[in-house]
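S.K.: Contents of entry_32.pdb (PDB, C-alpha atoms) are below:
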```pdb
ATOM      1  CA  MET A 931      10.851  13.112   3.390
ATOM      2  CA  PRO A 932      13.848  12.805   5.746
ATOM      3  CA  LEU A 933      16.458  10.394   4.462
ATOM      4  CA  LEU A 934      17.305   7.316   6.493
ATOM      5  CA  ARG A 935      20.814   7.106   7.911
ATOM      6  CA  SER A 936      22.968   4.206   9.005
ATOM      7  CA  GLY A 937      21.892   3.178  12.495
ATOM      8  CA  ASP A 938      18.249   4.208  12.051
ATOM      9  CA  LEU A 939      15.611   1.734  13.207
ATOM     10  CA  VAL A 940      12.964   0.444  10.779
ATOM     11  CA  ARG A 941      10.117  -1.951  11.455
ATOM     12  CA  PHE A 942       8.488  -4.595   9.255
ATOM     13  CA  VAL A 943       4.690  -4.681   9.603
ATOM     14  CA  SER A 944       1.967  -6.762   7.911
ATOM     15  CA  PRO A 945      -1.074  -4.496   7.385
ATOM     16  CA  ALA A 946      -2.605  -6.610   4.624
ATOM     17  CA  SER A 947      -2.187 -10.245   3.539
ATOM     18  CA  CYS A 948      -0.243 -12.954   5.351
ATOM     19  CA  VAL A 949       3.369 -13.670   4.506
ATOM     20  CA  SER A 950       5.980 -16.337   5.169
ATOM     21  CA  PRO A 951       8.600 -15.569   7.859
ATOM     22  CA  GLN A 952      11.359 -16.922   5.623
ATOM     23  CA  ALA A 953      10.563 -14.464   2.832
ATOM     24  CA  VAL A 954      10.542 -11.528   5.235
ATOM     25  CA  GLU A 955      13.788 -12.566   6.903
ATOM     26  CA  ARG A 956      15.564 -12.474   3.536
ATOM     27  CA  ARG A 957      14.317  -8.943   2.975
ATOM     28  CA  MET A 958      15.326  -7.913   6.465
ATOM     29  CA  ASP A 959      18.845  -9.162   5.751
ATOM     30  CA  VAL A 960      19.047  -6.869   2.722
ATOM     31  CA  VAL A 961      17.899  -3.872   4.757
ATOM     32  CA  ARG A 962      20.395  -4.710   7.508
ATOM     33  CA  SER A 963      23.144  -4.680   4.878
ATOM     34  CA  TRP A 964      22.318  -0.996   4.330
ATOM     35  CA  GLY A 965      23.377  -0.272   7.907
ATOM     36  CA  LEU A 966      19.833   0.006   9.253
ATOM     37  CA  LEU A 967      18.562  -1.608  12.433
ATOM     38  CA  VAL A 968      15.611  -3.885  11.765
ATOM     39  CA  GLU A 969      12.792  -5.260  13.888
ATOM     40  CA  VAL A 970       9.507  -6.992  13.133
ATOM     41  CA  SER A 971       6.082  -6.244  14.613
ATOM     42  CA  PRO A 972       4.548  -8.777  17.046
ATOM     43  CA  ASN A 973       1.740  -9.933  14.744
ATOM     44  CA  ALA A 974       3.582  -9.812  11.427
ATOM     45  CA  PHE A 975       3.381 -13.549  10.772
ATOM     46  CA  LYS A 976      -0.119 -14.268  12.005
ATOM     47  CA  LYS A 977      -2.823 -15.625   9.709
ATOM     48  CA  PHE A 978      -6.548 -14.936   9.779
ATOM     49  CA  SER A 979      -8.165 -16.125   6.554
ATOM     50  CA  TYR A 980      -6.370 -14.188   3.799
ATOM     51  CA  LEU A 981      -5.167 -11.545   6.262
ATOM     52  CA  ALA A 982      -2.060 -11.260   8.430
ATOM     53  CA  GLY A 983      -4.062 -11.458  11.638
ATOM     54  CA  THR A 984      -7.309  -9.833  12.696
ATOM     55  CA  ASP A 985      -8.079  -6.200  11.951
ATOM     56  CA  ASP A 986      -7.272  -5.318  15.573
ATOM     57  CA  GLU A 987      -3.901  -7.085  15.416
ATOM     58  CA  ARG A 988      -2.902  -5.475  12.139
ATOM     59  CA  PHE A 989      -4.098  -2.055  13.252
ATOM     60  CA  SER A 990      -2.188  -2.335  16.524
ATOM     61  CA  ASP A 991       1.063  -3.197  14.754
ATOM     62  CA  LEU A 992       0.689  -0.486  12.122
ATOM     63  CA  SER A 993      -0.347   2.324  14.453
ATOM     64  CA  ASN A 994       2.348   1.439  16.986
ATOM     65  CA  ALA A 995       5.018   1.535  14.289
ATOM     66  CA  LEU A 996       3.794   4.865  12.932
ATOM     67  CA  LEU A 997       3.682   6.428  16.405
ATOM     68  CA  ASP A 998       6.913   5.008  17.847
ATOM     69  CA  PRO A 999       9.463   7.860  17.739
ATOM     70  CA  SER A1000      12.365   5.402  17.575
ATOM     71  CA  VAL A1001      11.067   3.893  14.304
ATOM     72  CA  ARG A1002      12.078   5.969  11.278
ATOM     73  CA  ALA A1003      10.402   3.969   8.494
ATOM     74  CA  VAL A1004       7.782   1.238   8.183
ATOM     75  CA  PHE A1005       8.252  -1.593   5.691
ATOM     76  CA  ALA A1006       5.101  -3.462   4.647
ATOM     77  CA  THR A1007       5.956  -7.161   4.435
ATOM     78  CA  ARG A1008       3.654  -7.494   1.418
ATOM     79  CA  GLY A1009       0.525  -6.133  -0.215
ATOM     80  CA  GLY A1010      -2.276  -8.452  -1.189
ATOM     81  CA  LYS A1011      -5.520  -7.367   0.437
ATOM     82  CA  GLY A1012      -6.655  -5.780   3.659
ATOM     83  CA  SER A1013      -4.883  -2.525   4.536
ATOM     84  CA  TYR A1014      -7.998  -0.600   3.455
ATOM     85  CA  ARG A1015      -9.903  -2.330   6.299
ATOM     86  CA  ILE A1016      -7.897  -0.566   9.016
ATOM     87  CA  LEU A1017      -6.586   2.731   7.692
ATOM     88  CA  HIS A1018      -9.694   4.714   8.747
ATOM     89  CA  ARG A1019      -8.796   3.956  12.380
ATOM     90  CA  LEU A1020      -5.328   5.486  12.230
ATOM     91  CA  PRO A1021      -4.693   8.525  14.486
ATOM     92  CA  PHE A1022      -3.641  10.798  11.642
ATOM     93  CA  GLY A1023      -3.310  13.864  13.858
ATOM     94  CA  LEU A1024      -0.684  12.148  15.985
ATOM     95  CA  ILE A1025       1.030  10.534  12.993
ATOM     96  CA  GLY A1026       1.340  13.931  11.330
ATOM     97  CA  ARG A1027       3.482  15.242  14.190
ATOM     98  CA  ASP A1028       6.282  12.870  13.185
ATOM     99  CA  PRO A1029       5.493  11.511   9.717
ATOM    100  CA  LYS A1030       7.614   8.642   8.459
ATOM    101  CA  PRO A1031       7.567   6.764   5.160
ATOM    102  CA  VAL A1032       5.624   3.559   4.638
ATOM    103  CA  ILE A1033       7.329   1.369   2.047
ATOM    104  CA  GLY A1034       5.249  -0.947  -0.122
ATOM    105  CA  PHE A1035       3.062  -1.168  -3.207
ATOM    106  CA  SER A1036      -0.100  -2.881  -4.498
ATOM    107  CA  ASP A1037      -2.591  -2.915  -1.584
ATOM    108  CA  ILE A1038      -0.284  -0.565   0.357
ATOM    109  CA  THR A1039      -1.324   2.173  -2.092
ATOM    110  CA  ALA A1040      -4.387   2.646   0.128
ATOM    111  CA  LEU A1041      -2.113   3.565   3.042
ATOM    112  CA  HIS A1042       0.002   5.885   0.908
ATOM    113  CA  LEU A1043      -3.073   7.759  -0.286
ATOM    114  CA  ALA A1044      -4.661   8.107   3.150
ATOM    115  CA  LEU A1045      -1.428   9.189   4.835
ATOM    116  CA  TRP A1046      -0.802  11.813   2.164
ATOM    117  CA  ARG A1047      -4.382  13.091   2.316
ATOM    118  CA  GLU A1048      -4.598  13.280   6.095
ATOM    119  CA  CYS A1049      -1.090  14.317   7.184
ATOM    120  CA  SER A1050       1.008  14.979   4.063
ATOM    121  CA  ALA A1051       3.220  11.968   4.794
ATOM    122  CA  ILE A1052       5.210  10.939   1.728
ATOM    123  CA  GLY A1053       5.134   7.209   0.975
ATOM    124  CA  VAL A1054       7.561   5.042  -0.966
ATOM    125  CA  HIS A1055       5.946   3.025  -3.749
ATOM    126  CA  GLY A1056       8.488   0.237  -4.007
ATOM    127  CA  ALA A1057       9.695  -3.043  -2.580
ATOM    128  CA  LEU A1058      12.546  -5.526  -2.548
ATOM    129  CA  THR A1059      10.479  -8.022  -4.554
ATOM    130  CA  GLY A1060       7.811  -8.042  -7.236
ATOM    131  CA  ASP A1061       4.912 -10.452  -7.615
ATOM    132  CA  ASP A1062       6.982 -13.328  -6.240
ATOM    133  CA  GLU A1063       7.635 -12.582  -2.581
ATOM    134  CA  ASP A1064      10.381 -15.219  -2.479
ATOM    135  CA  CYS A1065      12.421 -13.648  -5.279
ATOM    136  CA  LEU A1066      14.656 -10.746  -4.259
ATOM    137  CA  SER A1067      15.708  -8.261  -6.928
ATOM    138  CA  GLU A1068      19.058  -6.464  -6.815
ATOM    139  CA  ILE A1069      17.704  -3.821  -9.190
ATOM    140  CA  ALA A1070      14.626  -3.163  -7.045
ATOM    141  CA  ALA A1071      16.707  -3.170  -3.858
ATOM    142  CA  LYS A1072      19.172  -0.645  -5.272
ATOM    143  CA  ALA A1073      16.313   1.618  -6.387
ATOM    144  CA  LEU A1074      14.653   1.386  -2.985
ATOM    145  CA  ARG A1075      17.861   2.130  -1.104
ATOM    146  CA  SER A1076      18.426   5.154  -3.312
ATOM    147  CA  ALA A1077      14.929   6.464  -2.596
ATOM    148  CA  LEU A1078      15.353   6.035   1.148
ATOM    149  CA  MET A1079      18.990   6.899   1.789
ATOM    150  CA  GLU A1080      20.555   8.892  -1.056
ATOM    151  CA  ASP A1081      20.333  12.625  -1.652
ATOM    152  CA  SER A1082      20.137  12.347  -5.429
ATOM    153  CA  PRO A1083      17.346  12.616  -8.008
ATOM    154  CA  LEU A1084      15.163   9.598  -8.689
ATOM    155  CA  SER A1085      15.059   9.303 -12.468
ATOM    156  CA  ILE A1086      13.079   6.592 -14.226
ATOM    157  CA  GLN A1087      13.286   5.999 -17.964
ATOM    158  CA  SER A1088      10.357   4.638 -19.932
ATOM    159  CA  ASP A1089      10.899   1.175 -21.412
ATOM    160  CA  ARG A1090       9.541   0.982 -24.949
ATOM    161  CA  MET A1091       9.206  -2.786 -24.624
ATOM    162  CA  LEU A1092       6.555  -2.540 -21.906
ATOM    163  CA  PRO A1093       2.955  -2.643 -23.173
ATOM    164  CA  SER A1094       1.950   0.616 -21.493
ATOM    165  CA  ALA A1095       4.622   2.486 -23.489
ATOM    166  CA  ALA A1096       2.054   2.581 -26.307
ATOM    167  CA  LEU A1097       0.063   5.103 -24.242
ATOM    168  CA  THR A1098       2.829   7.739 -24.313
ATOM    169  CA  THR A1099       1.878  11.073 -25.877
ATOM    170  CA  SER A1100       3.941  14.277 -25.808
ATOM    171  CA  GLY A1101       4.557  17.244 -23.563
ATOM    172  CA  SER A1102       5.742  17.757 -20.013
ATOM    173  CA  SER A1103       4.264  18.603 -16.631
ATOM    174  CA  THR A1104       5.195  19.062 -12.995
ATOM    175  CA  GLY A1105       3.241  18.282  -9.845
ATOM    176  CA  PRO A1106       2.987  15.935  -6.885
ATOM    177  CA  LEU A1107       3.014  12.278  -7.917
ATOM    178  CA  ILE A1108      -0.102  10.653  -6.448
ATOM    179  CA  GLY A1109      -1.536   7.195  -7.042
ATOM    180  CA  GLY A1110      -0.195   3.683  -7.422
ATOM    181  CA  ASN A1111      -2.299   0.577  -7.782
ATOM    182  CA  LEU A1112      -5.438   1.378  -9.779
ATOM    183  CA  ASP A1113      -7.649  -0.990  -7.800
ATOM    184  CA  MET A1114      -6.692   0.806  -4.575
ATOM    185  CA  ILE A1115      -7.142   4.248  -6.112
ATOM    186  CA  ALA A1116     -10.716   3.255  -6.929
ATOM    187  CA  THR A1117     -11.235   1.594  -3.533
ATOM    188  CA  THR A1118     -10.255   4.756  -1.649
ATOM    189  CA  ALA A1119     -12.211   7.176  -3.845
ATOM    190  CA  GLY A1120     -14.584   9.311  -1.810
ATOM    191  CA  TRP A1121     -13.051   8.621   1.594
ATOM    192  CA  ALA A1122      -9.246   8.274   1.536
ATOM    193  CA  LEU A1123      -8.206   9.412  -1.949
ATOM    194  CA  PRO A1124      -6.611  12.884  -1.877
ATOM    195  CA  SER A1125      -7.474  15.551  -4.406
ATOM    196  CA  LEU A1126      -5.707  14.995  -7.705
ATOM    197  CA  ARG A1127      -6.001  18.592  -8.906
ATOM    198  CA  GLY A1128      -2.595  19.753 -10.039
ATOM    199  CA  ALA A1129      -1.175  16.256  -9.615
ATOM    200  CA  ILE A1130       0.503  13.701 -11.829
ATOM    201  CA  LEU A1131      -1.518  10.506 -11.517
ATOM    202  CA  LEU A1132       0.460   7.272 -11.213
ATOM    203  CA  ILE A1133      -1.325   4.112 -12.372
ATOM    204  CA  GLU A1134      -0.203   0.494 -12.269
ATOM    205  CA  SER A1135      -2.348  -2.623 -12.311
ATOM    206  CA  ALA A1136      -2.113  -6.379 -11.930
ATOM    207  CA  GLY A1137      -4.679  -9.132 -12.190
ATOM    208  CA  LEU A1138      -7.783  -7.089 -12.989
ATOM    209  CA  ALA A1139     -10.208  -8.432 -15.559
ATOM    210  CA  ILE A1140     -10.819  -6.006 -18.387
ATOM    211  CA  GLY A1141     -14.304  -5.267 -17.048
ATOM    212  CA  GLN A1142     -12.875  -4.442 -13.614
ATOM    213  CA  LEU A1143     -10.322  -2.131 -15.194
ATOM    214  CA  ASP A1144     -13.104  -0.426 -17.132
ATOM    215  CA  ARG A1145     -15.308  -0.101 -14.043
ATOM    216  CA  ALA A1146     -12.548   1.454 -11.922
ATOM    217  CA  LEU A1147     -11.628   4.038 -14.553
ATOM    218  CA  THR A1148     -15.267   4.829 -15.318
ATOM    219  CA  MET A1149     -16.095   5.448 -11.661
ATOM    220  CA  LEU A1150     -13.045   7.636 -11.072
ATOM    221  CA  GLY A1151     -13.778   9.693 -14.167
ATOM    222  CA  ARG A1152     -17.551  10.068 -13.783
ATOM    223  CA  ALA A1153     -17.233  10.994 -10.101
ATOM    224  CA  GLY A1154     -14.794  13.785 -10.916
ATOM    225  CA  HIS A1155     -11.847  12.323  -9.044
ATOM    226  CA  LEU A1156      -9.582  12.761 -12.071
ATOM    227  CA  ASP A1157     -10.495  16.398 -12.707
ATOM    228  CA  GLY A1158      -7.567  18.798 -12.787
ATOM    229  CA  LEU A1159      -4.792  16.309 -13.512
ATOM    230  CA  VAL A1160      -1.644  17.785 -15.067
ATOM    231  CA  GLY A1161      -0.101  14.492 -16.192
ATOM    232  CA  ILE A1162      -0.450  10.716 -16.122
ATOM    233  CA  ALA A1163       2.336   8.190 -15.489
ATOM    234  CA  VAL A1164       1.588   4.553 -16.316
ATOM    235  CA  GLY A1165       3.620   1.651 -14.995
ATOM    236  CA  HIS A1166       3.141  -2.071 -15.416
ATOM    237  CA  VAL A1167      -0.308  -3.220 -16.543
ATOM    238  CA  LYS A1168      -0.253  -6.977 -16.085
ATOM    239  CA  GLY A1169      -2.562  -9.941 -15.847
ATOM    240  CA  THR A1170      -5.548  -8.475 -17.707
ATOM    241  CA  PRO A1171      -6.564 -11.007 -20.377
ATOM    242  CA  PRO A1172      -7.693  -9.374 -23.624
ATOM    243  CA  ASN A1173     -11.355  -9.497 -24.535
ATOM    244  CA  PRO A1174     -11.328  -8.937 -28.322
ATOM    245  CA  PRO A1175     -11.405  -6.446 -29.816
ATOM    246  CA  LEU A1176     -10.197  -4.715 -26.605
ATOM    247  CA  ASP A1177      -7.122  -5.294 -24.501
ATOM    248  CA  ALA A1178      -6.000  -3.429 -21.369
ATOM    249  CA  ILE A1179      -3.983  -0.830 -23.277
ATOM    250  CA  ASP A1180      -6.886  -0.086 -25.640
ATOM    251  CA  LEU A1181      -9.148   0.415 -22.647
ATOM    252  CA  LEU A1182      -6.688   2.696 -20.854
ATOM    253  CA  ARG A1183      -6.304   4.759 -24.012
ATOM    254  CA  GLN A1184     -10.087   5.163 -24.258
ATOM    255  CA  HIS A1185     -10.285   6.506 -20.717
ATOM    256  CA  LEU A1186      -7.091   8.568 -20.519
ATOM    257  CA  SER A1187      -6.853  10.221 -23.928
ATOM    258  CA  GLY A1188      -9.645  12.663 -23.138
ATOM    259  CA  PHE A1189      -7.716  14.424 -20.385
ATOM    260  CA  ALA A1190      -5.476  16.394 -22.770
ATOM    261  CA  VAL A1191      -2.448  16.107 -20.475
ATOM    262  CA  PRO A1192       0.964  14.530 -21.108
ATOM    263  CA  ILE A1193       0.919  10.754 -20.669
ATOM    264  CA  LEU A1194       4.075   8.737 -20.090
ATOM    265  CA  GLY A1195       3.729   4.965 -20.233
ATOM    266  CA  GLY A1196       6.248   2.157 -20.152
ATOM    267  CA  LEU A1197       7.484   2.989 -16.659
ATOM    268  CA  PRO A1198       8.991   0.034 -14.754
ATOM    269  CA  ILE A1199       6.848   0.704 -11.678
ATOM    270  CA  GLY A1200       4.509  -1.744  -9.972
ATOM    271  CA  HIS A1201       4.094  -5.500 -10.139
ATOM    272  CA  ASP A1202       7.427  -6.635 -11.518
ATOM    273  CA  GLY A1203      10.538  -8.132  -9.985
ATOM    274  CA  ASP A1204      12.757  -5.214 -11.007
ATOM    275  CA  ALA A1205      10.304  -2.393 -10.300
ATOM    276  CA  ARG A1206      11.728   1.032  -9.438
ATOM    277  CA  SER A1207      10.745   3.097  -6.418
ATOM    278  CA  VAL A1208       8.982   6.470  -6.470
ATOM    279  CA  LEU A1209       7.817   8.854  -3.759
ATOM    280  CA  ILE A1210       4.052   9.238  -3.440
ATOM    281  CA  GLY A1211       3.182  12.859  -2.684
ATOM    282  CA  ALA A1212       6.569  14.276  -3.696
ATOM    283  CA  ARG A1213       6.957  16.654  -6.620
ATOM    284  CA  ALA A1214       7.733  14.998  -9.947
ATOM    285  CA  GLU A1215       8.708  16.129 -13.426
ATOM    286  CA  LEU A1216       7.133  14.135 -16.249
ATOM    287  CA  ASP A1217       8.556  14.517 -19.749
ATOM    288  CA  ALA A1218       6.756  12.373 -22.293
ATOM    289  CA  ASP A1219       9.079  13.496 -25.096
ATOM    290  CA  SER A1220      12.256  12.306 -23.370
ATOM    291  CA  GLY A1221      10.463   9.425 -21.647
ATOM    292  CA  THR A1222      11.524  10.375 -18.127
ATOM    293  CA  LEU A1223       9.920  10.724 -14.730
ATOM    294  CA  VAL A1224      12.175  12.573 -12.274
ATOM    295  CA  GLN A1225      11.842  13.395  -8.582
ATOM    296  CA  ARG A1226      14.464  15.690  -7.073
ATOM    297  CA  PRO A1227      15.427  15.992  -3.378
TER     298      PRO A1227
END
```
Turn the structure described in the file into structure tokens.
M.R.:
Amino acid sequence: MPLLRSGDLVRFVSPASCVSPQAVERRMDVVRSWGLLVEVSPNAFKKFSYLAGTDDERFSDLSNALLDPSVRAVFATRGGKGSYRILHRLPFGLIGRDPKPVIGFSDITALHLALWRECSAIGVHGALTGDDEDCLSEIAAKALRSALMEDSPLSIQSDRMLPSAALTTSGSSTGPLIGGNLDMIATTAGWALPSLRGAILLIESAGLAIGQLDRALTMLGRAGHLDGLVGIAVGHVKGTPPNPPLDAIDLLRQHLSGFAVPILGGLPIGHDGDARSVLIGARAELDADSGTLVQRP
């Protein structure tokens, strides 16, 4: 993925749920402070039910940003719901001639997966905020700037205090890091999810009931989408109420332990204010013994 340089133009687009202009303007100010030129798509602040405008409006903004040669990166204003409704319409052949990163997480995972599958475009799983779109994070912003503009390794250390750290096993593996939000991985299975053979699977989750978590993992496993994994990286798993005797971590362990690959949990990736950024599709080194996930330029 080409690094951004001072003076490059980036565009903020709303491919999923609606967002407040004030929240986006604060994020744009941060990106401007990096020396980047910033613009916003015409329909970014529209509202159509839970979506940021109609499918046609969101598709127009997204495709125009991805095809505009003057735009060097596309920032999703937020996730939420809805990008999966329009990604099948994208002109992947044209996008692949000049691939550029899409920055976002949560629902934006669907875009990351489709763009990697169809034109090998690396995406940035990260943001300037976490669950609260009004709350900027200096830690998240620094991590995102590093991923986009610095020619240095991205190294993330597991946090033993995070619930998913209990899933960590042992061993190490190397492969492209593919995945993101579990709900979107399951949503794209069979039509936009790339092959995971030889890959390190990244999983994070927020707000799924324990039955939904179980259903997503069962479908992915039974359908063979998880065959050939070389490692599993687990970020934040939040908002899944326990259903005794099972909680979310118990359920993940049931599904993931059978793959006989290194698992590294406790990664500060996903739905959290200080979440770190990673590159979807880029090669990663997972070391469960040292608790590190590293991506090198």
S.K.: Which residues fall under the PyMOL selection byres ((chain A and resi 1209) around 10) in this file, as a ChimeraX atom specification?
M.R.: /A:931,1031,1033,1042,1052-1056,1077-1078,1084,1106-1108,1207-1208,1210-1214,1225
S.K.: In Å to one decimal, how far is atom CA of Pro1083 of chain A from atom CA of Ser1000 of chain A?
M.R.: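 Distance between the two atoms: 27.0 Å.
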S.K.: Could you pull the residues within 9 Å of segment 1148-1164 of chain A, counting all atoms listed in the file, minus those fewer than 4 positions along the same chain, as a ChimeraX atom specification?
M.R.: /A:1094-1095,1097-1098,1102-1105,1107,1115-1116,1119-1120,1123-1134,1143-1144,1185-1186,1189-1199,1216,1223
S.K.: Atom CA of Gly983 of chain A and atom CA of Pro999 of chain A, how far apart in Å?
M.R.: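 So the answer is 24.4 Å.
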S.K.: Taking into account all atoms listed in the file, which residue in the set A:Val1001, A:Ala1006, A:Leu1024, A:Leu1041 is nearest to Met958 of chain A?
M.R.: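 When distances to Met958 of chain A are compared using all atoms listed in the file, the smallest one comes from A:Ala1006.
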S.K.: Per residue of segment 983-1031 of chain A within 9 Å of segment 974-977 of chain A, note the shortest atom pair and the distance in Å to one decimal, counting all atoms listed in the file, and order the rows by chain and increasing residue number, as a Markdown table.
M.R.:
```
| residue | atom | partner | partner_atom | distance |
| --- | --- | --- | --- | --- |
| A:Gly983 | CA | A:Lys977 | CA | 4.8 |
| A:Thr984 | CA | A:Lys977 | CA | 7.9 |
| A:Glu987 | CA | A:Lys976 | CA | 8.8 |
| A:Arg988 | CA | A:Ala974 | CA | 7.8 |
| A:Asp991 | CA | A:Ala974 | CA | 7.8 |
| A:Thr1007 | CA | A:Ala974 | CA | 7.8 |
```
S.K.: With all atoms listed in the file as the basis for distance, which of A:Arg1226, A:Gln1142, A:Asp1028, A:Ala1057 is at the shortest distance from Lys1072 of chain A?
M.R.: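 Nearest candidate to Lys1072 of chain A out of A:Arg1226, A:Gln1142, A:Asp1028, A:Ala1057: A:Ala1057.
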S.K.: Val960 of chain A: which residues within 9 Å, counting only C-alpha atoms, same-chain residues fewer than 4 positions away excluded, as a PDB file with C-alpha atoms, in the coordinates of the input?
M.R.:
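Just written: around.pdb:
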```pdb
ATOM      1  CA  GLU A 955      13.788 -12.566   6.903  1.00  0.00           C
ATOM      2  CA  ARG A 956      15.564 -12.474   3.536  1.00  0.00           C
ATOM      3  CA  TRP A 964      22.318  -0.996   4.330  1.00  0.00           C
ATOM      4  CA  LEU A1058      12.546  -5.526  -2.548  1.00  0.00           C
ATOM      5  CA  ALA A1071      16.707  -3.170  -3.858  1.00  0.00           C
TER       6      ALA A1071
END
```
S.K.: Got a sec to resolve the PyMOL selection byres ((chain A and resi 1137) around 9) on this structure and send the residues as JSON, numbers by chain?
M.R.: {"A": [1135, 1136, 1138, 1139, 1167, 1168, 1169, 1170, 1171]}
S.K.: I need the residue set behind the PyMOL selection byres ((chain A and resi 992) around 9) for this file; please write it as a VMD selection string.
M.R.: chain A and resid 943 to 945 971 987 to 991 993 to 997 1004 1020
S.K.: Find the residues near Glu1080 of chain A: any atom within 9 Å, counting all atoms listed in the file, skip ones fewer than 4 places away on the same chain, and give them as an MDAnalysis selection string.
M.R.: chainID A and resid 933:934 1075:1076
S.K.: Please write the residues from the selection above to a file, keeping C-alpha atoms, as a CSV table (one decimal), in the coordinates of the input.
M.R.:
```
chain,number,residue,atom,x,y,z
A,933,LEU,CA,16.5,10.4,4.5
A,934,LEU,CA,17.3,7.3,6.5
A,1075,ARG,CA,17.9,2.1,-1.1
A,1076,SER,CA,18.4,5.2,-3.3
```
S.K.: Find, counting all atoms listed in the file, the residue in A:Glu1068, A:Asp1219, A:Asp938, A:Asp1113 that gets nearest to Arg1206 of chain A.
M.R.: A:Glu1068
